[in-house]
Amino acid sequence: MTPVFAEVNVEAVVIFGLVVAITLGITYWASKRVRSATDCWAAGRGISGPQNGFAIAGDYMSAASFLGIAGLIFLYGFDGFLYSVGFLVAFLTVLFLLAERMRNAGKFTIADVLSFRLRERPARVAAATGTLAVAAFYLIAQMVGAGALIQALVGIDYNLAILLTGVFMLVYVVFGGMIATTWVQIIKAVMLMAGAIGLSILVMNRVGWNPVELFNRAEAQAGGGSFSLAPGALYTNPVDTVSLGLALVLGTAGLPHILMRFFTVPDAKAARSSVLWAVILIGAFYIMTTALGFGARAFLGEAGVEAAGAGANLAAPNLAQFLGGGAGTFGGDALLAIIAAIAFATILAVVAGLVISASGAVAHDLWSNVVRKGADSEHEEVLVARIAAVAIGAISIAIAIGGGKDLNVSFMVGLAFAVAASANFPALVLALGWRRFNTVGAVTGVAVGTFSSIFLVLISPKVWPGPDSEGGLLPFYDLANPGIVSIPLGFLACWAGTMLSREHGNERSFHELYVRSETGLGAEAAPAASPGPQRAGTRVPTSA
Amino acid sequence: MAVPAGGQVRIDWEAVERAPEFQELVRRRRRFVAPATAFFLVWYLGFIVLAGYAPGFMGESIYEGFTVGYLIALTQFVMVWWLAAWYIRRSDRELDPLRAAAAAQAQRDVDRQRADHAARFSAGEEAGR
């Protein structure tokens, strides 16, 4: 048995401590400002557009995109960069189809928008199911990744690392609500950008600021491995590539923790400007993954593959160590420690966002509106949210520790995106845009989207019959990414459920949803503290 | 423009929806969003399909190892920034005034109802004397 603190990286622990101290300080400050449910889930709607842009970037760019994509580019070259492109383009789907209309029509959760004109309880149960499924897969993936990474980078035992991550995540959410979560995400986005810029400068400096030189050096280091400047190294089946692309570009628009961020700004104008800030940051970051991934290949080479660990997640930290002067030097260890701390902050910000969205689904949707039918007090709702957050956190910690490193992280993230794209996205878009859409359609759509994604991933060759197998349940189905099948199935189920049921009576409230989502009339305003003329003016009775 | 919250006034959402300001708002937003969405989906999915089905073409070097695929990938970044900035500029300048106009129309509706309500209330008081 390995000791709990085997070869602890002291510099890393010091910087970790600093990150934790700052974020806990913010949580203490925020905890005194969390009084209402609006503070708890929507940060009092007092987050500005640019602030929310940073927070979206911090909420969105997980360790999977920072370390994972750098690792994929290091291993496979161009195919890894496909993720970068897909993750960014996805924000156009969010901006054009959902951001402003969500802000105008919703309150705290995506279920608010879905249940606006559909029958309240079934619609909320459906939306909460989609939210919880996505949050659960994503959360467990992040926790398992966190444990493995912190163990490798800092030398803290896997289980202890998960426990620490889980406890800090819960402290932010339970005491500081969305206010603390937002600022943790903003700080993380700044740290992540600074780290990526720093590493990119060091990489580009070594290749004489010539990207072509970087590509050539990377290719020269391919060493007979899978690395290639051309596509086809990661996914040999073109249908799989397209399927992945679809899930990325539509899945983001169904991620509850991202959509929830749009409720934290004062109005739709701030919601759309926050998307612009987010794409500037996220785009710049993903362009820099080129320098990180190709740089790792150029300088670490095929010889560095083994040291980079599973999925080459350690390619970027190892690159940092190399650029700082190598292992054992002060510069190398310091850079490694900084990158480790950034990875830690990255994970904390994402898991906090996921837990708060899941607690919203449990407390605001299931408890307050389905079980108590709106009869509970706001105080009760916030209390239930805190209990739910602790329960969700405890379950995810238990699964991450119990399931351990055997859980395939990339498959869990892929599953989260597939469910988001196949269940949440069709229901939301149709609820906002299709007059005829009804409750039966929404419920069947979410159910079919969720279960087809899970089923298709379970029978995929990489998962069936065991971890990293090459089998697959059905001989004619060999896709790793289910999107190309499950997304059309989700839309089809929404349509079929709607057309086959006799339910009609909600056209009337569609008029209201339609007008309100497009104009912002009657939108949830920022509370009294900031009664701008426009905000006060849009306060009209919420229901006819 | 303050409207008291409460159940005594109803907004006729269908009337707001029929109003020319709202129709113009929806028409103009759609006129931008529909082609822009079609464009970015085609451009992005075209890139993905090429990556899947034409790896040879995408791996072709344009200039000493700078590949066709990487160039098209970079155009995706430019496209996202450009379309997002364009949409936001357009929303601020063109769509927000229309939103305000549609809101004002609803406001007039509410004001009229409140005036009616007040008139009825004072009429009731008269009758009670």
# chains A, B, ... in the order shown; residues from 1 in each chain; ligands from 1
call {"tool": "interface_residues", "arguments": {"of": "chain B", "to": "chain A", "cutoff": "7 Å", "atoms": "only C-alpha atoms", "output": "PyMOL selection string"}}
result
chain B and resi 1-3+5-7+10-11+13-14+17+33+48-49+51-53+55-56+58-59+64-66+73+76-77+80-81+84-85+88+99+103
call {"tool": "select_by_dssp", "arguments": {"residues": "range 105-244 of chain A", "states": "helix (DSSP H, G or I)", "output": "PyMOL selection string"}}
result
chain A and resi 105+110-114+120-154+158-206+211-220+238-244
call {"tool": "residues_around", "arguments": {"residues": "Thr498 in chain A", "least_positions_apart": "6", "cutoff": "6 Å", "atoms": "only C-alpha atoms", "output": "list in words"}}
result
Phe437, Asn438, Val440 and Gly441 of chain A
call {"tool": "write_last_selection", "arguments": {"atoms": "N, CA and C atoms", "output": "CSV table (one decimal), in the first residue's frame"}}
result
chain,number,residue,atom,x,y,z
A,437,PHE,N,-46.0,22.0,-30.1
A,437,PHE,CA,-45.3,21.2,-29.2
A,437,PHE,C,-46.1,21.0,-27.9
A,438,ASN,N,-46.2,19.8,-27.3
A,438,ASN,CA,-46.9,19.7,-26.1
A,438,ASN,C,-46.2,18.8,-25.0
A,440,VAL,N,-46.7,15.8,-23.8
A,440,VAL,CA,-46.3,14.4,-24.1
A,440,VAL,C,-45.1,14.4,-25.0
A,441,GLY,N,-45.0,15.3,-26.0
A,441,GLY,CA,-43.8,15.4,-26.8
A,441,GLY,C,-42.6,15.7,-26.0
call {"tool": "residues_around", "arguments": {"residues": "Phe262 in chain A", "least_positions_apart": "5", "cutoff": "8 Å", "atoms": "only C-alpha atoms", "output": "ChimeraX atom specification"}}
result
/A:52,99-100,102-103,271
call {"tool": "residues_around", "arguments": {"residues": "Asp39 in chain A", "least_positions_apart": "2", "cutoff": "10 Å", "atoms": "only C-alpha atoms", "output": "list in words"}}
result
Ala30, Ser31, Arg33, Val34, Arg35, Ser36, Ala37, Trp41, Ala42, Ala43, Gly44, Arg45, Gly46, Gly176, Gly177, Met178, Ile179, Thr264, Val382 and Pro527 of chain A
call {"tool": "write_last_selection", "arguments": {"atoms": "N, CA and C atoms", "output": "compact mmCIF listing (two decimals), in the first residue's frame"}}
result
# COMPACT_ATOMS: atom_id res chain seq x y z
N ALA A 30 -19.31 35.84 0.01
CA ALA A 30 -20.57 35.58 -0.70
C ALA A 30 -21.64 35.07 0.25
N SER A 31 -21.22 34.29 1.27
CA SER A 31 -22.21 33.64 2.14
C SER A 31 -23.07 34.67 2.85
N ARG A 33 -24.10 37.31 1.50
CA ARG A 33 -24.97 37.94 0.52
C ARG A 33 -26.05 36.99 0.00
N VAL A 34 -25.96 35.72 0.36
CA VAL A 34 -26.95 34.76 -0.12
C VAL A 34 -28.13 34.75 0.86
N ARG A 35 -29.19 35.45 0.47
CA ARG A 35 -30.37 35.48 1.34
C ARG A 35 -31.58 34.81 0.67
N SER A 36 -31.78 35.08 -0.59
CA SER A 36 -32.98 34.56 -1.26
C SER A 36 -32.61 33.42 -2.21
N ALA A 37 -33.64 32.79 -2.77
CA ALA A 37 -33.41 31.75 -3.77
C ALA A 37 -32.72 32.35 -5.00
N TRP A 41 -29.29 30.71 -6.61
CA TRP A 41 -29.15 30.10 -7.93
C TRP A 41 -28.77 31.07 -9.03
N ALA A 42 -29.08 32.35 -8.83
CA ALA A 42 -28.87 33.29 -9.93
C ALA A 42 -28.01 34.47 -9.51
N ALA A 43 -27.28 34.32 -8.40
CA ALA A 43 -26.38 35.37 -7.92
C ALA A 43 -27.07 36.73 -7.89
N GLY A 44 -28.35 36.71 -7.50
CA GLY A 44 -29.12 37.95 -7.42
C GLY A 44 -29.30 38.66 -8.76
N ARG A 45 -29.03 37.96 -9.85
CA ARG A 45 -29.07 38.52 -11.21
C ARG A 45 -28.22 39.77 -11.32
N GLY A 46 -27.15 39.81 -10.55
CA GLY A 46 -26.32 41.00 -10.51
C GLY A 46 -24.97 40.84 -11.19
N GLY A 176 -21.82 29.60 -0.34
CA GLY A 176 -21.74 30.79 -1.20
C GLY A 176 -22.69 30.80 -2.37
N GLY A 177 -23.41 29.68 -2.60
CA GLY A 177 -24.37 29.62 -3.68
C GLY A 177 -23.77 30.04 -5.02
N MET A 178 -24.62 30.60 -5.88
CA MET A 178 -24.17 30.98 -7.22
C MET A 178 -23.20 32.16 -7.17
N ILE A 179 -23.28 32.99 -6.13
CA ILE A 179 -22.36 34.13 -6.07
C ILE A 179 -20.92 33.62 -5.94
N THR A 264 -28.10 34.56 -14.38
CA THR A 264 -27.40 35.37 -13.37
C THR A 264 -27.20 36.82 -13.80
N VAL A 382 -34.34 27.10 -0.41
CA VAL A 382 -32.88 27.26 -0.28
C VAL A 382 -32.31 26.16 0.61
N PRO A 527 -33.35 42.15 -8.55
CA PRO A 527 -34.12 42.65 -7.43
C PRO A 527 -33.83 44.11 -7.11
call {"tool": "closest_residue", "arguments": {"among": "A:Leu456, A:Leu314, A:Ala388, A:Val446", "to": "Leu474 in chain A", "atoms": "only C-alpha atoms"}}
result
A:Leu456
call {"tool": "residues_around", "arguments": {"residues": "Met412 in chain A", "least_positions_apart": "4", "cutoff": "8 Å", "atoms": "only C-alpha atoms", "output": "PyMOL selection string"}}
result
chain A and resi 137-138+140-141+408+416
call {"tool": "residues_around", "arguments": {"residues": "Tyr477 in chain A", "least_positions_apart": "5", "cutoff": "9 Å", "atoms": "only C-alpha atoms", "output": "list in words"}}
result
Leu456, Ile459, Ser460, Pro461 and Gly472 of chain A
call {"tool": "closest_residue", "arguments": {"among": "B:Tyr87, B:Gln113, B:Leu98, B:Ser122", "to": "Arg31 in chain B", "atoms": "only C-alpha atoms"}}
result
B:Tyr87
call {"tool": "decode", "arguments": {"residues": "range 405-426 of chain A", "atoms": "N, CA and C atoms", "output": "mmCIF file, in the first residue's frame"}}
result
data_model
loop_
_atom_site.group_PDB
_atom_site.id
_atom_site.type_symbol
_atom_site.label_atom_id
_atom_site.label_comp_id
_atom_site.auth_asym_id
_atom_site.auth_seq_id
_atom_site.Cartn_x
_atom_site.Cartn_y
_atom_site.Cartn_z
ATOM 1 N N LYS A 405 -10.597 4.348 -10.624
ATOM 2 C CA LYS A 405 -9.989 4.727 -11.900
ATOM 3 C C LYS A 405 -10.487 3.856 -13.046
ATOM 4 N N ASP A 406 -11.289 2.818 -12.729
ATOM 5 C CA ASP A 406 -11.774 1.958 -13.802
ATOM 6 C C ASP A 406 -12.793 2.663 -14.679
ATOM 7 N N LEU A 407 -13.414 3.719 -14.127
ATOM 8 C CA LEU A 407 -14.386 4.446 -14.928
ATOM 9 C C LEU A 407 -13.661 5.166 -16.057
ATOM 10 N N ASN A 408 -14.197 5.039 -17.246
ATOM 11 C CA ASN A 408 -13.598 5.671 -18.405
ATOM 12 C C ASN A 408 -14.085 7.114 -18.496
ATOM 13 N N VAL A 409 -13.195 8.060 -18.214
ATOM 14 C CA VAL A 409 -13.581 9.461 -18.102
ATOM 15 C C VAL A 409 -14.121 10.020 -19.405
ATOM 16 N N SER A 410 -13.430 9.733 -20.518
ATOM 17 C CA SER A 410 -13.854 10.349 -21.774
ATOM 18 C C SER A 410 -15.207 9.802 -22.215
ATOM 19 N N PHE A 411 -15.481 8.551 -21.852
ATOM 20 C CA PHE A 411 -16.792 8.002 -22.214
ATOM 21 C C PHE A 411 -17.902 8.649 -21.395
ATOM 22 N N MET A 412 -17.613 8.990 -20.134
ATOM 23 C CA MET A 412 -18.609 9.683 -19.307
ATOM 24 C C MET A 412 -18.888 11.089 -19.840
ATOM 25 N N VAL A 413 -17.835 11.804 -20.241
ATOM 26 C CA VAL A 413 -18.029 13.151 -20.789
ATOM 27 C C VAL A 413 -18.792 13.069 -22.109
ATOM 28 N N GLY A 414 -18.417 12.098 -22.945
ATOM 29 C CA GLY A 414 -19.121 11.909 -24.209
ATOM 30 C C GLY A 414 -20.596 11.632 -23.980
ATOM 31 N N LEU A 415 -20.877 10.848 -22.947
ATOM 32 C CA LEU A 415 -22.255 10.517 -22.605
ATOM 33 C C LEU A 415 -23.009 11.771 -22.160
ATOM 34 N N ALA A 416 -22.350 12.615 -21.363
ATOM 35 C CA ALA A 416 -22.989 13.851 -20.910
ATOM 36 C C ALA A 416 -23.373 14.724 -22.100
ATOM 37 N N PHE A 417 -22.454 14.874 -23.051
ATOM 38 C CA PHE A 417 -22.756 15.691 -24.228
ATOM 39 C C PHE A 417 -23.850 15.050 -25.075
ATOM 40 N N ALA A 418 -23.838 13.722 -25.182
ATOM 41 C CA ALA A 418 -24.847 13.042 -25.989
ATOM 42 C C ALA A 418 -26.237 13.230 -25.385
ATOM 43 N N VAL A 419 -26.359 13.084 -24.059
ATOM 44 C CA VAL A 419 -27.663 13.273 -23.414
ATOM 45 C C VAL A 419 -28.105 14.731 -23.545
ATOM 46 N N ALA A 420 -27.169 15.655 -23.356
ATOM 47 C CA ALA A 420 -27.514 17.075 -23.467
ATOM 48 C C ALA A 420 -28.037 17.391 -24.864
ATOM 49 N N ALA A 421 -27.366 16.859 -25.896
ATOM 50 C CA ALA A 421 -27.750 17.159 -27.271
ATOM 51 C C ALA A 421 -29.021 16.424 -27.684
ATOM 52 N N SER A 422 -29.250 15.231 -27.140
ATOM 53 C CA SER A 422 -30.361 14.393 -27.610
ATOM 54 C C SER A 422 -31.622 14.554 -26.778
ATOM 55 N N ALA A 423 -31.486 14.959 -25.501
ATOM 56 C CA ALA A 423 -32.663 15.067 -24.635
ATOM 57 C C ALA A 423 -33.003 16.522 -24.339
ATOM 58 N N ASN A 424 -32.063 17.278 -23.775
ATOM 59 C CA ASN A 424 -32.356 18.642 -23.346
ATOM 60 C C ASN A 424 -32.512 19.607 -24.514
ATOM 61 N N PHE A 425 -31.596 19.513 -25.476
ATOM 62 C CA PHE A 425 -31.603 20.481 -26.563
ATOM 63 C C PHE A 425 -32.876 20.432 -27.414
ATOM 64 N N PRO A 426 -33.312 19.257 -27.902
ATOM 65 C CA PRO A 426 -34.539 19.244 -28.717
ATOM 66 C C PRO A 426 -35.744 19.782 -27.948
#
